[in-house]
Structures are given as C-alpha cells and as structure tokens.
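Peer 1: Sharing protein-v7.cif (mmCIF, C-alpha atoms) below.
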data_query
loop_
_atom_site.label_atom_id
_atom_site.label_comp_id
_atom_site.auth_asym_id
_atom_site.auth_seq_id
_atom_site.Cartn_x
_atom_site.Cartn_y
_atom_site.Cartn_z
CA MET J 242 62.25 100.81 83.75
CA LYS J 243 61.33 98.27 86.39
CA LYS J 244 64.94 98.08 87.60
CA ARG J 245 65.01 101.89 87.82
CA LEU J 246 61.81 101.90 89.93
CA LEU J 247 63.27 99.29 92.26
CA SER J 248 66.45 101.28 92.75
CA VAL J 249 64.43 104.42 93.54
CA ALA J 250 62.33 102.45 96.03
CA ALA J 251 65.47 101.01 97.62
CA ALA J 252 67.00 104.48 97.88
CA ALA J 253 63.81 105.78 99.49
CA PHE J 254 63.77 102.87 101.95
CA PHE J 255 67.36 103.39 103.04
CA GLY J 256 66.71 107.12 103.20
CA VAL J 257 63.88 106.47 105.65
CA MET J 258 66.14 104.20 107.69
CA LEU J 259 68.88 106.81 107.89
CA ASN J 260 66.37 109.53 108.69
CA ALA J 261 64.77 107.38 111.40
CA GLN J 262 68.16 106.91 113.00
CA GLN J 263 68.98 110.61 113.26
CA ILE J 264 66.10 112.76 114.45
CA LYS J 265 66.99 116.44 114.53
CA PHE J 266 65.20 118.61 117.07
CA GLU J 267 65.59 121.73 119.15
CA GLU J 268 64.29 122.34 122.64
CA TYR J 269 63.90 125.27 124.97
CA ASP J 270 61.88 126.48 127.97
CA LEU J 271 59.39 129.32 128.16
CA PRO J 272 59.70 131.61 131.22
CA ASN J 273 56.66 129.86 132.76
CA GLY J 274 58.54 126.53 132.68
CA LEU J 275 56.84 124.91 129.67
CA HIS J 276 59.41 122.72 127.91
CA VAL J 277 59.17 122.92 124.12
CA ILE J 278 60.57 120.41 121.61
CA LEU J 279 60.45 121.12 117.86
CA HIS J 280 61.18 118.62 115.10
CA GLN J 281 61.05 119.78 111.49
CA ASP J 282 60.32 117.23 108.76
CA ASN J 283 58.89 118.74 105.58
CA SER J 284 58.65 115.43 103.70
CA ALA J 285 54.87 115.16 104.27
CA PRO J 286 52.32 117.96 104.88
CA VAL J 287 51.32 116.93 108.43
CA VAL J 288 52.05 118.22 111.91
CA THR J 289 51.59 116.49 115.27
CA THR J 290 51.13 118.70 118.32
CA GLY J 291 51.43 116.79 121.59
CA VAL J 292 51.53 117.75 125.24
CA MET J 293 52.80 115.33 127.87
CA TYR J 294 52.04 116.07 131.51
CA HIS J 295 54.21 114.46 134.17
CA VAL J 296 51.21 113.09 136.02
CA GLY J 297 50.04 109.50 136.06
CA ALA J 298 48.30 107.01 138.29
CA LYS J 299 51.18 107.01 140.78
CA ASP J 300 50.50 110.69 141.58
CA GLU J 301 47.13 109.81 143.07
CA VAL J 302 46.42 108.99 146.68
CA ILE J 303 44.78 106.00 148.30
CA GLY J 304 41.04 106.58 148.26
CA ARG J 305 41.20 108.77 145.17
CA THR J 306 42.66 106.53 142.48
CA GLY J 307 41.87 106.82 138.78
CA PHE J 308 42.13 110.62 138.57
CA ALA J 309 44.95 110.82 136.01
CA HIS J 310 43.17 108.51 133.58
CA PHE J 311 39.84 110.22 134.29
CA PHE J 312 41.36 113.53 133.15
CA GLU J 313 42.38 111.91 129.87
CA HIS J 314 38.61 111.81 129.20
CA LEU J 315 37.49 114.89 131.11
CA LEU J 316 39.78 117.32 129.30
CA PHE J 317 37.99 116.77 126.00
CA GLU J 318 34.83 118.28 127.52
CA GLY J 319 35.74 121.76 126.29
CA THR J 320 36.91 125.20 127.34
CA PRO J 321 35.34 128.69 127.40
CA ASN J 322 36.19 128.88 123.68
CA ILE J 323 35.44 125.27 122.67
CA LYS J 324 31.86 124.30 123.38
CA ARG J 325 31.05 121.02 125.07
CA GLY J 326 30.98 118.19 122.52
CA GLU J 327 32.80 120.24 119.88
CA TRP J 328 36.41 119.10 120.41
CA PHE J 329 36.33 116.03 118.18
CA LYS J 330 34.13 117.77 115.60
CA ILE J 331 36.66 120.61 115.25
CA VAL J 332 39.51 118.14 114.79
CA SER J 333 37.77 115.91 112.24
CA SER J 334 36.25 118.78 110.24
CA ASN J 335 39.74 120.21 109.81
CA GLY J 336 41.21 116.97 108.50
CA GLY J 337 42.82 115.92 111.78
CA GLN J 338 42.88 113.10 114.26
CA ASN J 339 43.51 113.14 117.98
CA ASN J 340 43.75 110.97 121.04
CA ALA J 341 45.14 110.73 124.55
CA ASN J 342 46.58 108.02 126.78
CA THR J 343 47.61 107.61 130.40
CA THR J 344 50.13 105.42 132.19
CA ASN J 345 51.29 105.09 135.77
CA ASP J 346 53.79 107.89 135.07
CA ARG J 347 52.38 110.42 132.58
CA THR J 348 49.40 111.62 130.51
CA TYR J 349 49.74 112.47 126.81
CA TYR J 350 47.38 114.36 124.48
CA TYR J 351 47.96 114.94 120.78
CA GLU J 352 46.44 116.17 117.52
CA THR J 353 47.72 115.48 114.02
CA PHE J 354 46.57 117.95 111.38
CA PRO J 355 47.45 118.81 107.80
CA SER J 356 50.25 121.34 108.19
CA ASN J 357 48.04 124.23 107.13
CA ASN J 358 46.17 123.66 110.41
CA GLU J 359 49.24 123.56 112.66
CA GLN J 360 48.10 126.75 114.38
CA LEU J 361 44.76 125.15 115.28
CA GLY J 362 46.46 122.23 117.05
CA LEU J 363 48.65 124.61 119.05
CA TRP J 364 45.67 126.73 120.04
CA MET J 365 43.56 123.73 121.12
CA GLU J 366 46.25 122.31 123.38
CA ALA J 367 46.83 125.77 124.89
CA GLU J 368 43.09 125.96 125.60
CA ARG J 369 43.25 122.62 127.41
CA LEU J 370 46.16 123.80 129.55
CA ARG J 371 44.94 127.33 130.21
CA HIS J 372 41.32 126.84 131.25
CA ALA J 373 39.69 123.47 130.67
CA GLU J 374 36.04 123.31 131.71
CA ILE J 375 35.64 121.13 134.80
CA ASN J 376 32.03 121.02 135.89
CA GLN J 377 29.56 118.53 137.33
CA VAL J 378 27.98 117.71 133.96
CA GLY J 379 31.36 116.75 132.47
CA VAL J 380 32.41 114.78 135.55
CA ASP J 381 29.13 112.82 135.63
CA THR J 382 29.28 112.12 131.88
CA GLN J 383 32.89 110.96 131.81
CA ARG J 384 32.48 108.90 134.96
CA GLU J 385 29.98 106.74 133.08
CA VAL J 386 32.36 106.52 130.11
CA VAL J 387 35.20 105.33 132.35
CA LYS J 388 32.96 102.79 134.09
CA GLU J 389 32.03 101.32 130.72
CA GLU J 390 35.68 101.24 129.68
CA LYS J 391 36.58 99.38 132.86
CA ARG J 392 33.80 96.86 132.28
CA LEU J 393 34.82 96.26 128.66
CA ARG J 394 38.59 96.20 129.07
CA MET J 395 38.93 94.61 132.49
CA ASP J 396 35.95 93.34 134.45
CA ASN J 397 34.23 91.50 131.58
CA GLN J 398 37.39 90.57 129.69
CA PRO J 399 39.06 87.16 130.20
CA TYR J 400 42.25 87.73 132.24
CA GLY J 401 41.30 91.43 132.28
CA ASN J 402 42.39 92.00 135.87
CA LEU J 403 45.50 89.84 135.75
CA PHE J 404 47.99 92.70 135.47
CA THR J 405 46.16 94.57 138.24
CA THR J 406 46.68 91.53 140.45
CA VAL J 407 50.39 91.52 139.61
CA GLN J 408 50.75 95.22 140.50
CA LYS J 409 48.82 94.82 143.74
CA ASN J 410 51.11 92.03 144.94
CA LEU J 411 54.43 93.23 143.56
CA PHE J 412 54.17 96.69 145.12
CA THR J 413 53.05 97.24 148.68
CA ASN J 414 54.22 100.80 149.47
CA HIS J 415 54.82 102.42 146.09
CA PRO J 416 51.68 103.72 144.30
CA TYR J 417 52.27 101.39 141.35
CA ASN J 418 50.11 99.25 143.61
CA TRP J 419 46.89 100.20 141.78
CA PRO J 420 45.83 100.15 138.10
CA THR J 421 45.81 103.25 135.93
CA ILE J 422 42.05 103.11 135.54
CA GLY J 423 41.72 103.25 139.32
CA SER J 424 38.76 102.37 141.46
CA MET J 425 35.19 103.16 140.49
CA GLU J 426 34.34 103.61 144.17
CA ASP J 427 37.01 106.31 144.40
CA LEU J 428 35.75 108.13 141.31
CA ASN J 429 32.14 107.85 142.46
CA SER J 430 32.86 109.37 145.85
CA ALA J 431 35.14 112.17 144.59
CA LYS J 432 33.72 115.68 144.77
CA LEU J 433 33.87 118.27 141.99
CA GLU J 434 36.28 120.39 144.02
CA GLU J 435 38.74 117.48 144.16
CA PHE J 436 38.80 117.23 140.37
CA LYS J 437 39.36 120.98 140.11
CA ALA J 438 42.20 120.74 142.63
CA PHE J 439 43.85 117.92 140.66
CA TYR J 440 43.73 120.01 137.48
CA LYS J 441 45.15 123.05 139.24
CA LYS J 442 47.96 121.00 140.78
CA TYR J 443 49.19 119.06 137.76
CA TYR J 444 48.03 120.89 134.64
CA VAL J 445 50.54 123.72 134.80
CA PRO J 446 53.14 124.73 132.18
CA ASN J 447 56.13 123.74 134.29
CA ASN J 448 54.74 120.19 134.60
CA ALA J 449 54.24 119.90 130.83
CA THR J 450 56.24 119.26 127.67
CA LEU J 451 54.97 120.54 124.33
CA VAL J 452 56.22 118.79 121.21
CA VAL J 453 55.53 119.97 117.67
CA ALA J 454 56.75 117.64 114.94
CA GLY J 455 56.39 117.57 111.18
CA ASP J 456 55.97 120.06 108.37
CA ILE J 457 56.68 123.21 110.37
CA LYS J 458 58.49 126.50 109.91
CA PRO J 459 60.24 126.72 113.28
CA GLU J 460 60.29 130.52 113.58
CA GLN J 461 56.56 130.77 112.89
CA THR J 462 55.86 127.88 115.26
CA LYS J 463 57.81 129.62 118.02
CA LYS J 464 55.75 132.79 117.54
CA TRP J 465 52.50 130.86 117.90
CA ILE J 466 53.81 129.03 120.95
CA GLN J 467 54.74 132.32 122.60
CA GLU J 468 51.35 133.80 121.72
CA TYR J 469 49.27 130.89 123.01
CA TYR J 470 51.35 129.51 125.88
CA GLY J 471 53.58 132.35 127.05
CA GLY J 472 50.91 134.02 129.19
CA ILE J 473 49.76 130.88 131.03
CA PRO J 474 50.80 131.29 134.69
CA LYS J 475 53.49 129.09 136.15
CA GLY J 476 52.36 126.62 138.79
CA THR J 477 54.00 124.76 141.65
CA VAL J 478 55.61 121.43 140.82
CA TYR J 479 55.71 119.19 143.84
CA PRO J 480 58.55 116.71 144.46
CA LYS J 481 57.73 113.09 143.69
CA ASN J 482 58.76 111.53 146.99
CA PHE J 483 57.00 108.20 146.67
CA PRO J 484 57.45 105.51 149.30
CA LYS J 485 59.90 102.81 148.30
CA ASP J 486 59.34 99.07 148.45
CA ALA J 487 61.84 96.90 150.28
CA PRO J 488 63.53 94.28 148.06
CA ILE J 489 61.68 91.00 147.75
CA THR J 490 63.79 88.37 149.50
CA LYS J 491 61.26 85.58 149.97
CA GLU J 492 59.02 83.96 147.38
CA LYS J 493 55.36 84.89 147.81
CA GLU J 494 52.41 83.02 146.31
CA VAL J 495 48.84 84.31 145.96
CA THR J 496 45.66 83.11 144.30
CA ALA J 497 43.11 85.31 142.52
CA THR J 498 39.93 84.34 140.69
CA ASP J 499 38.33 85.50 137.46
CA PRO J 500 34.70 84.68 136.53
CA ASN J 501 35.47 85.14 132.82
CA ILE J 502 38.05 82.38 132.34
CA GLN J 503 37.96 78.59 131.98
CA LEU J 504 41.69 77.95 132.03
CA PRO J 505 44.05 79.09 134.77
CA ALA J 506 47.03 81.36 134.15
CA TYR J 507 50.23 81.38 136.17
CA VAL J 508 52.46 84.42 136.54
CA PHE J 509 55.96 84.56 138.01
CA ALA J 510 56.68 88.25 138.58
CA TYR J 511 59.84 90.07 139.64
CA ARG J 512 60.31 93.72 140.66
CA THR J 513 63.15 95.21 138.62
CA PRO J 514 64.87 98.61 138.11
CA GLY J 515 63.17 101.62 136.52
CA ASN J 516 63.54 102.72 132.90
CA LYS J 517 66.59 104.93 133.35
CA GLU J 518 68.80 102.07 134.52
CA LYS J 519 70.82 100.15 131.93
CA ASP J 520 69.65 96.91 133.57
CA ALA J 521 66.11 97.78 132.41
CA TYR J 522 67.33 97.63 128.80
CA ILE J 523 69.13 94.35 129.47
CA LEU J 524 66.01 92.80 131.00
CA ASP J 525 63.98 94.02 128.02
CA MET J 526 66.36 92.16 125.74
CA LEU J 527 66.16 89.07 127.97
CA SER J 528 62.37 89.04 127.65
CA SER J 529 62.69 89.14 123.86
CA TYR J 530 65.17 86.27 123.90
CA LEU J 531 62.81 84.17 125.99
CA SER J 532 59.50 84.73 124.23
CA SER J 533 59.52 87.14 121.28
CA GLY J 534 58.25 85.23 118.25
CA LYS J 535 57.65 81.58 117.48
CA SER J 536 61.35 80.76 117.35
CA SER J 537 61.94 82.10 120.88
CA VAL J 538 63.09 79.76 123.64
CA LEU J 539 59.90 79.41 125.69
CA TYR J 540 57.45 79.36 122.78
CA LYS J 541 59.42 76.77 120.84
CA LYS J 542 59.82 74.50 123.87
CA LEU J 543 56.50 74.75 125.73
CA VAL J 544 54.02 75.57 122.95
CA ASP J 545 55.47 74.24 119.73
CA GLN J 546 57.49 71.16 120.65
CA GLU J 547 56.22 69.79 123.97
CA LYS J 548 52.60 71.09 123.78
CA LYS J 549 52.59 71.89 127.51
CA ALA J 550 51.30 75.44 127.21
CA LEU J 551 48.54 77.05 125.24
CA GLN J 552 50.33 80.35 125.67
CA VAL J 553 53.59 81.44 127.27
CA ALA J 554 55.39 84.78 127.46
CA ALA J 555 58.08 86.70 129.26
CA PHE J 556 57.44 90.43 129.32
CA ASN J 557 59.25 93.43 130.66
CA GLN J 558 57.06 96.37 131.71
CA GLY J 559 59.25 99.43 132.00
CA LEU J 560 58.10 102.13 134.44
CA GLU J 561 59.75 105.30 135.67
CA ASP J 562 60.51 104.19 139.24
CA TYR J 563 60.55 100.39 138.95
CA GLY J 564 60.09 97.73 136.32
CA ILE J 565 58.07 94.52 136.17
CA PHE J 566 59.57 91.38 134.64
CA ALA J 567 57.10 88.52 134.49
CA PHE J 568 56.52 85.10 132.99
CA PHE J 569 52.95 84.26 131.97
CA ALA J 570 51.69 80.80 131.08
CA ILE J 571 48.36 79.11 130.35
CA PRO J 572 48.65 75.30 130.58
CA MET J 573 47.62 72.92 127.83
CA GLY J 574 45.46 69.96 128.84
CA ALA J 575 46.55 68.28 132.07
CA THR J 576 49.83 70.19 132.38
CA THR J 577 50.31 71.30 135.98
CA LYS J 578 51.57 74.58 137.34
CA GLN J 579 54.54 72.73 138.81
CA THR J 580 55.53 71.47 135.35
CA LEU J 581 55.36 74.94 133.79
CA GLN J 582 57.22 76.45 136.72
CA ALA J 583 59.97 73.83 136.50
CA ASP J 584 60.40 74.39 132.74
CA ILE J 585 60.52 78.18 133.07
CA ASP J 586 62.97 77.92 135.97
CA ALA J 587 65.13 75.58 133.89
CA GLU J 588 65.41 78.22 131.14
CA ILE J 589 66.30 80.89 133.70
CA LYS J 590 68.96 78.58 135.15
CA LYS J 591 70.45 78.09 131.66
CA LEU J 592 70.73 81.85 131.29
CA GLN J 593 72.40 82.10 134.69
CA ILE J 594 75.06 79.46 134.09
CA SER J 595 75.88 79.85 130.39
CA LEU J 596 75.98 82.53 127.69
CA ILE J 597 73.45 82.56 124.86
CA SER J 598 74.74 81.56 121.41
CA ASP J 599 76.29 84.01 118.98
CA GLU J 600 73.42 83.31 116.59
CA ASP J 601 70.76 84.15 119.18
CA TYR J 602 72.67 87.24 120.25
CA GLN J 603 72.86 88.54 116.67
CA LYS J 604 69.15 87.81 116.19
CA LEU J 605 68.37 89.97 119.24
CA GLN J 606 70.51 92.82 117.94
CA ASN J 607 68.71 92.65 114.59
CA GLN J 608 65.31 92.74 116.32
CA TYR J 609 66.18 95.89 118.23
CA GLU J 610 67.65 97.61 115.17
CA ASN J 611 64.36 96.93 113.40
CA GLN J 612 62.26 98.15 116.34
CA PHE J 613 64.32 101.32 116.54
CA VAL J 614 63.71 102.16 112.89
CA ASN J 615 59.98 101.37 113.07
CA ALA J 616 59.44 103.42 116.24
CA ASN J 617 60.55 106.57 114.43
CA SER J 618 58.93 105.90 111.07
CA SER J 619 55.94 108.23 111.61
CA ILE J 620 55.59 111.82 112.77
CA GLN J 621 53.21 110.74 115.55
CA GLY J 622 55.74 108.17 116.74
CA ILE J 623 58.58 110.68 116.70
CA ALA J 624 56.53 113.24 118.65
CA ALA J 625 55.63 110.70 121.34
CA SER J 626 59.23 109.45 121.59
CA LEU J 627 60.64 112.96 121.97
CA ALA J 628 58.18 113.82 124.73
CA THR J 629 58.64 110.49 126.54
CA ASN J 630 62.41 110.68 126.46
CA HIS J 631 62.38 114.17 127.97
CA VAL J 632 59.67 113.63 130.60
CA LEU J 633 60.42 110.11 131.81
CA MET J 634 64.04 109.52 130.81
CA GLY J 635 65.50 112.99 131.31
CA ASP J 636 67.24 112.95 127.91
CA THR J 637 65.37 113.94 124.74
CA ASN J 638 68.26 112.78 122.57
CA LEU J 639 67.67 109.16 123.56
CA ILE J 640 65.57 109.13 120.41
CA ASN J 641 68.92 108.94 118.61
CA LYS J 642 71.08 107.24 121.25
CA GLU J 643 68.86 104.52 122.67
CA ILE J 644 69.86 101.98 120.03
CA ASP J 645 73.48 102.41 121.15
CA ILE J 646 72.48 101.23 124.62
CA TYR J 647 71.06 98.01 123.15
CA ARG J 648 74.11 97.62 120.92
CA SER J 649 76.35 97.89 123.98
CA ILE J 650 74.61 95.01 125.79
CA THR J 651 76.79 91.92 125.83
CA LYS J 652 76.01 88.25 126.32
CA GLN J 653 77.67 88.55 129.72
CA ASP J 654 75.30 91.41 130.62
CA LEU J 655 72.32 89.16 129.86
CA GLN J 656 73.73 86.42 132.07
CA ASN J 657 74.49 88.85 134.91
CA ALA J 658 70.95 90.29 134.85
CA ALA J 659 69.42 86.81 135.00
CA LYS J 660 71.61 86.04 138.02
CA LYS J 661 70.83 89.33 139.73
CA TYR J 662 67.07 89.67 139.24
CA LEU J 663 65.46 86.33 138.29
CA ASN J 664 65.87 84.18 141.40
CA PRO J 665 63.03 82.25 143.09
CA ASN J 666 63.32 84.22 146.36
CA GLN J 667 62.76 87.50 144.44
CA ARG J 668 59.39 86.72 142.92
CA VAL J 669 55.66 86.73 143.42
CA ILE J 670 53.73 83.77 142.01
CA ILE J 671 50.16 84.54 140.93
CA ASN J 672 47.75 81.62 140.52
CA TYR J 673 44.99 83.24 138.43
CA VAL J 674 42.20 80.68 138.35
CA PRO J 675 38.56 80.38 137.24
CA GLU J 676 35.98 81.47 139.78
CA LYS J 677 34.03 78.50 141.10
CA LYS J 678 30.38 78.58 140.10
#
What do you get writing this file as structure tokens?
Peer 2:
Amino acid sequence: MKKRLLSVAAAAFFGVMLNAQQIKFEEYDLPNGLHVILHQDNSAPVVTTGVMYHVGAKDEVIGRTGFAHFFEHLLFEGTPNIKRGEWFKIVSSNGGQNNANTTNDRTYYYETFPSNNEQLGLWMEAERLRHAEINQVGVDTQREVVKEEKRLRMDNQPYGNLFTTVQKNLFTNHPYNWPTIGSMEDLNSAKLEEFKAFYKKYYVPNNATLVVAGDIKPEQTKKWIQEYYGGIPKGTVYPKNFPKDAPITKEKEVTATDPNIQLPAYVFAYRTPGNKEKDAYILDMLSSYLSSGKSSVLYKKLVDQEKKALQVAAFNQGLEDYGIFAFFAIPMGATTKQTLQADIDAEIKKLQISLISDEDYQKLQNQYENQFVNANSSIQGIAASLATNHVLMGDTNLINKEIDIYRSITKQDLQNAAKKYLNPNQRVIINYVPEKK
C-alpha cells in the first residue's frame, strides 16, 4: 500500500512538473485596446484575476516622483459602487485574498477567489479601471500610509536606502534614477488635480492587460469580460521616449552615509542591457554562479573559507530599459574595501579568461530548471508571469519558452558577457558607510 501511495505521489509530482512546463493560454484584444489573457486550469477551485498597467516609477517626472506606487495604495480607496474602506472586507468575506505591487516599469493588482466568485473579481477590477474614487480624503490618508512605509522599509531600516543610492548614481538621464516609492516632498506638494490627471493618463484599457487564470469556463469568462470592460472608453497611450544614458567609460566612486548601520557596505555596480536582451539572461546566470547559495564562488571564498566578508552577493536586477548588475559586500573585522574589491575583481578576471567547469555549468542549468518549475507552480504565479511576459517582454509565450533561453546559454556566453560588461571602467563604486555621530 505504501509503495502504491509513493508511486501516486511521484506521478502527481511529475504531472505538476510537466504542467508547469507547458502553460496553455489564449489571448485577444477588446475593441478599446484592453489585452486579455485566459489560462484554464480546473485542477483546483480557485481563480486569480489580475490587471497589469504599463505604468511604473519611470513614467513619473522630476518633482512628482512616487505617483505610480502611490496609486497602488490609492486605488483601494473605492469606487462609486464600492464604499471607502470596503474593498478588503468584500474580498475577505468572499473567501479571497488580494494585493498590488509596483516596480519601475509596471503596476499590478490582483484578487484570488474561490472559483464561484470569479465574477466578483472581474467586476472589482473593472470598477478600479472604470471610475476609481480619487478625492482629497483618500489622497491625504494614503499619503500617510506611504510615508510610514518609507520610514519602515527604507529610512529606518539598516541599508534601507542602499539600492536607491545605486540607482541615483548608475542612471543620470533615464528616470530609473529615483526609487519606486519616490520622494515624500513630491507627494506632499502634489495637488489633487495632478493625481486625477495621472489616473486619467495611465489607467486606460489600452494601457492594461487583464489576466484570468484558474478554474474558469472560458466562454463564460469572456462574456463577463465583455460586460464589465467592453464599455470602458479607450484612452491615449503615449510613447515612452525616455532619455538614454551614455555608456559608462570611466570608473566613478561615491560615498553615502546611513545612520542605521554600524558596518560599511561596498557596492560595485554596472549598467547592463534591459530584460528583452539575451545578455540579460546570461548576466542573470552569471550572478547565480557567483553568489547563489553557500557553495557559490564568492560565498565559499570570502565568507566561508577566508572569513573576509560577513555578507557578499552578486545580483542582477532586470528592468525593461536597462539592467543593474552589482556586487555587494559587508567586510568582516578589519578587512578593507581594497581587499574585498581585489578578491571580487579576481573572480571576474577568472570568468573573463577561462570557462567555468562542466560541473558548475550543469549545476547552473539545474538551478534554472528548478526555478522555472517553481515559478509556475501556483495559479497566482502563472497569472503574474503571463501578464509580465506580455507587458514587459512583448511575448506572453515566454512562460513556456524562457527556460529554452537559459538552456541555450553556453559557457562561452558567460565568459563573453563578463568580458563585455564587467570591467572596472564600466562601474560605479558605492561606499555606503555609517553616519558619524
């Protein structure tokens, strides 16, 4: 009996793996420009309804930063048909959960309900798009919420403004220059009419992608979508002509202080290609080779064996227009910045002059196979991936094909990327040090 149970469990596991590797979906546009993606999976009685708007922090202007993230909060205030303070109550009382998040490039809202409440999720997101309430009471309330979030997550958090410092110094012309949460001074000085104008400009059907994933009956779902979204007027989508940054050709070094830290951190940051470029995938794999897990190159050398660093990492932040590849290190004891820099540079040099081992290469491929399966193991994850791939990557079917890009990366590709992007004259060094008392 036990052996039988194990074989059933194994079959179920491999079934999930196969299912995760081939996500079926259909997509179409409404006449008003709303892009719709449907994914049917009747294995569990849940449905995720998500709407991704192609508006993020980079769509703001100097002097009015933080708007995109602010709307992530503001658009839960209600509509003419959903009273103020009722949004979350409606969701929870109907067995659902919901959330929203914002990046430099997009804003995403979603609800997950039992499938018998699919219609409710569709209606609520249509309400948000059609006529969200934007008034002074909501703006004043959410402004205080955002201020508290900034204090908790950034201003009062050790190393909380480190990434902001990287962005500020890596980008000078492009609006990736400021953090997603923006400036409190900008939000404080913004007038109600400016918030209304932002909503009118970006919250239009032809700047949005609706994804419905899970236990659906596609024909019924399409009828509801037509009923709730079909009559929302089309807007004007403005071209995203953002200023470009000239290539970094000379090493730059800056110092920033943080009152919440006792140990310094050193960052070596490089501006790299945006998400759609194959090189972005290669650099992502390079970052994993260097610092993903305790057996990775930098961790094993600097933290585990030589005890020079309390923490060390290489990370690749993929964005729509550019990427950020950075090394981060906190020294252990009397270790100097120069020592850490020399050791990190030595590992980069190894990558530039020789290929990684077959064993390390296979380990990387296994990691990415595993990540690919896990990313699509939940309905919420699938919904977010479908929307992201359409909005930011221009190809919804990357949900099925992206693993093939990683599989196609060779050891030579890794070496070439290290040679092309990770040179001393292409970086910004951030000395992030304790504020003197």
Peer 1: Can you spell out as number ranges by chain the set of residues that the PyMOL selection byres ((chain J and resi 321) around 12) selects in the structure I just provided?
Peer 2: J: 318-320, 322-325, 327-328, 365, 368-369, 371-376
Peer 1: Can you list, as a PyMOL selection string, the residues that the PyMOL selection byres ((chain J and resi 554-569) around 9) selects here?
Peer 2: chain J and resi 344-346+407-408+411+417+506-517+521-522+524-533+539-540+552-553+570-571+585+633-634+662-663+668
Peer 1: Taking the point (42.7, 111.0, 130.9) as given in the file, collect each protein or nucleic acid residue that comes within 10 Å of it, counting only C-alpha atoms, and present the set as a ChimeraX atom specification.
Peer 2: /J:297,307-317,340-344,347-350,383,387,421-422
Peer 1: So which one's closest to J:Ser430, J:Asp381, J:Asp586, J:Glu390, J:Glu359? Using all atoms listed in the file, please.
Peer 2: J:Asp381
Peer 1: Find the residues around J:Asp499 up to 7 Å (only C-alpha atoms counted), leave out those fewer than 6 positions away in its own chain, and share them as a VMD selection string.
Peer 2: chain J and resid 400 674 to 676
Peer 1: Applied to the shown file, which residues does the PyMOL selection byres ((chain J and resi 475) around 10) return, written as a list in words?
Peer 2: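 Answer for the PyMOL selection byres ((chain J and resi 475) around 10): Leu271, Pro272, Asn273, Gly274, Leu275, Tyr444, Val445, Pro446, Asn447, Asn448, Gly471, Gly472, Ile473, Pro474, Gly476, Thr477 and Val478 of chain J.
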Peer 1: Report the distance between atom CA of J:Thr405 and atom CA of J:Gly423 in Å, rounded to one decimal place.
Peer 2: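 Computing it gives 9.8 Å between the two atoms.
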Peer 1: How many Å separate atom CA of J:Phe404 from atom CA of J:Lys388?
Peer 2: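 That distance, rounded to one decimal, is 18.2 Å.
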Peer 1: Leaving out J:Lys542 and any residue of its chain fewer than 4 positions from it, which residues lie within 12 Å of it when counting all atoms listed in the file, given as an mmCIF file with C-alpha atoms, in the frame of the given file?
Peer 2:
data_model
loop_
_atom_site.group_PDB
_atom_site.id
_atom_site.type_symbol
_atom_site.label_atom_id
_atom_site.label_comp_id
_atom_site.auth_asym_id
_atom_site.auth_seq_id
_atom_site.Cartn_x
_atom_site.Cartn_y
_atom_site.Cartn_z
ATOM 1 C CA LEU J 531 62.810 84.170 125.990
ATOM 2 C CA SER J 532 59.500 84.730 124.230
ATOM 3 C CA LYS J 535 57.650 81.580 117.480
ATOM 4 C CA SER J 536 61.350 80.760 117.350
ATOM 5 C CA SER J 537 61.940 82.100 120.880
ATOM 6 C CA VAL J 538 63.090 79.760 123.640
ATOM 7 C CA GLN J 546 57.490 71.160 120.650
ATOM 8 C CA GLU J 547 56.220 69.790 123.970
ATOM 9 C CA LYS J 548 52.600 71.090 123.780
ATOM 10 C CA LYS J 549 52.590 71.890 127.510
ATOM 11 C CA ALA J 550 51.300 75.440 127.210
ATOM 12 C CA LEU J 551 48.540 77.050 125.240
ATOM 13 C CA GLN J 552 50.330 80.350 125.670
ATOM 14 C CA VAL J 553 53.590 81.440 127.270
ATOM 15 C CA ALA J 554 55.390 84.780 127.460
ATOM 16 C CA LEU J 581 55.360 74.940 133.790
ATOM 17 C CA ASP J 584 60.400 74.390 132.740
ATOM 18 C CA ILE J 585 60.520 78.180 133.070
ATOM 19 C CA ALA J 587 65.130 75.580 133.890
ATOM 20 C CA GLU J 588 65.410 78.220 131.140
#
Peer 1: Would you compute the distance between atom CA of J:Met293 and atom CA of J:Val632? Give it in Å to one decimal.
Peer 2: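 These atoms are spaced 7.6 Å apart.
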Peer 1: Can you list, as a list in words, every protein, DNA or RNA residue that comes within 10 Å of J:Trp364 when you count all atoms listed in the file, leaving out same-chain residues fewer than 6 positions away?
Peer 2: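 So the residues in contact are Thr290, Leu370, Trp465, Ile466, Glu468, Tyr469 and Tyr470 of chain J.
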Peer 1: Which one of J:Pro286, J:Val380, J:Thr353, J:Lys491 sits closest to J:Glu434 if you count only C-alpha atoms?
Peer 2: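 Among the listed residues, the smallest separation from J:Glu434 belongs to J:Val380.
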Peer 1: My list of candidates is J:Lys299, J:Arg305, J:Asn666, J:Asn335. Which is closest to J:Ser356 when distances are computed with only C-alpha atoms?
Peer 2: J:Asn335
Peer 1: Let me make sure I understand: among J:His415, J:Asp270, J:Asn615, J:Val302, which one has the smallest atom-to-atom distance to J:Lys485 if we use only C-alpha atoms?
Peer 2: J:His415
Peer 1: Edge lengths and centre in Å to one decimal, as AutoDock Vina command-line options, is what I'm after for the box along x, y and z that holds all listed atoms of stretch 462-476 of chain J once 3 Å is added on each side.
Peer 2:
--center_x 53.5 --center_y 130.3 --center_z 127.0 --size_x 14.5 --size_y 13.4 --size_z 29.5
Peer 1: Identify the residues around (50.1, 118.4, 117.3) within a radius of 6 Å, measuring from all atoms listed in the file in the coordinates stated by the file, and give them as a PyMOL selection string.
Peer 2: chain J and resi 288-291+351-353+362+453
Peer 1: Identify which of the residues J:Pro488, J:Pro500, J:Pro399, J:Pro420 lies closest to J:Lys678, counting only C-alpha atoms when measuring atom-to-atom distances.
Peer 2: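 That would be J:Pro500, the residue with the smallest distance to J:Lys678.
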Peer 1: Considering all atoms listed in the file, can you say which of J:Pro505, J:Gly635, J:Pro665, J:Pro355 comes closest to J:Glu518?
Peer 2: J:Gly635
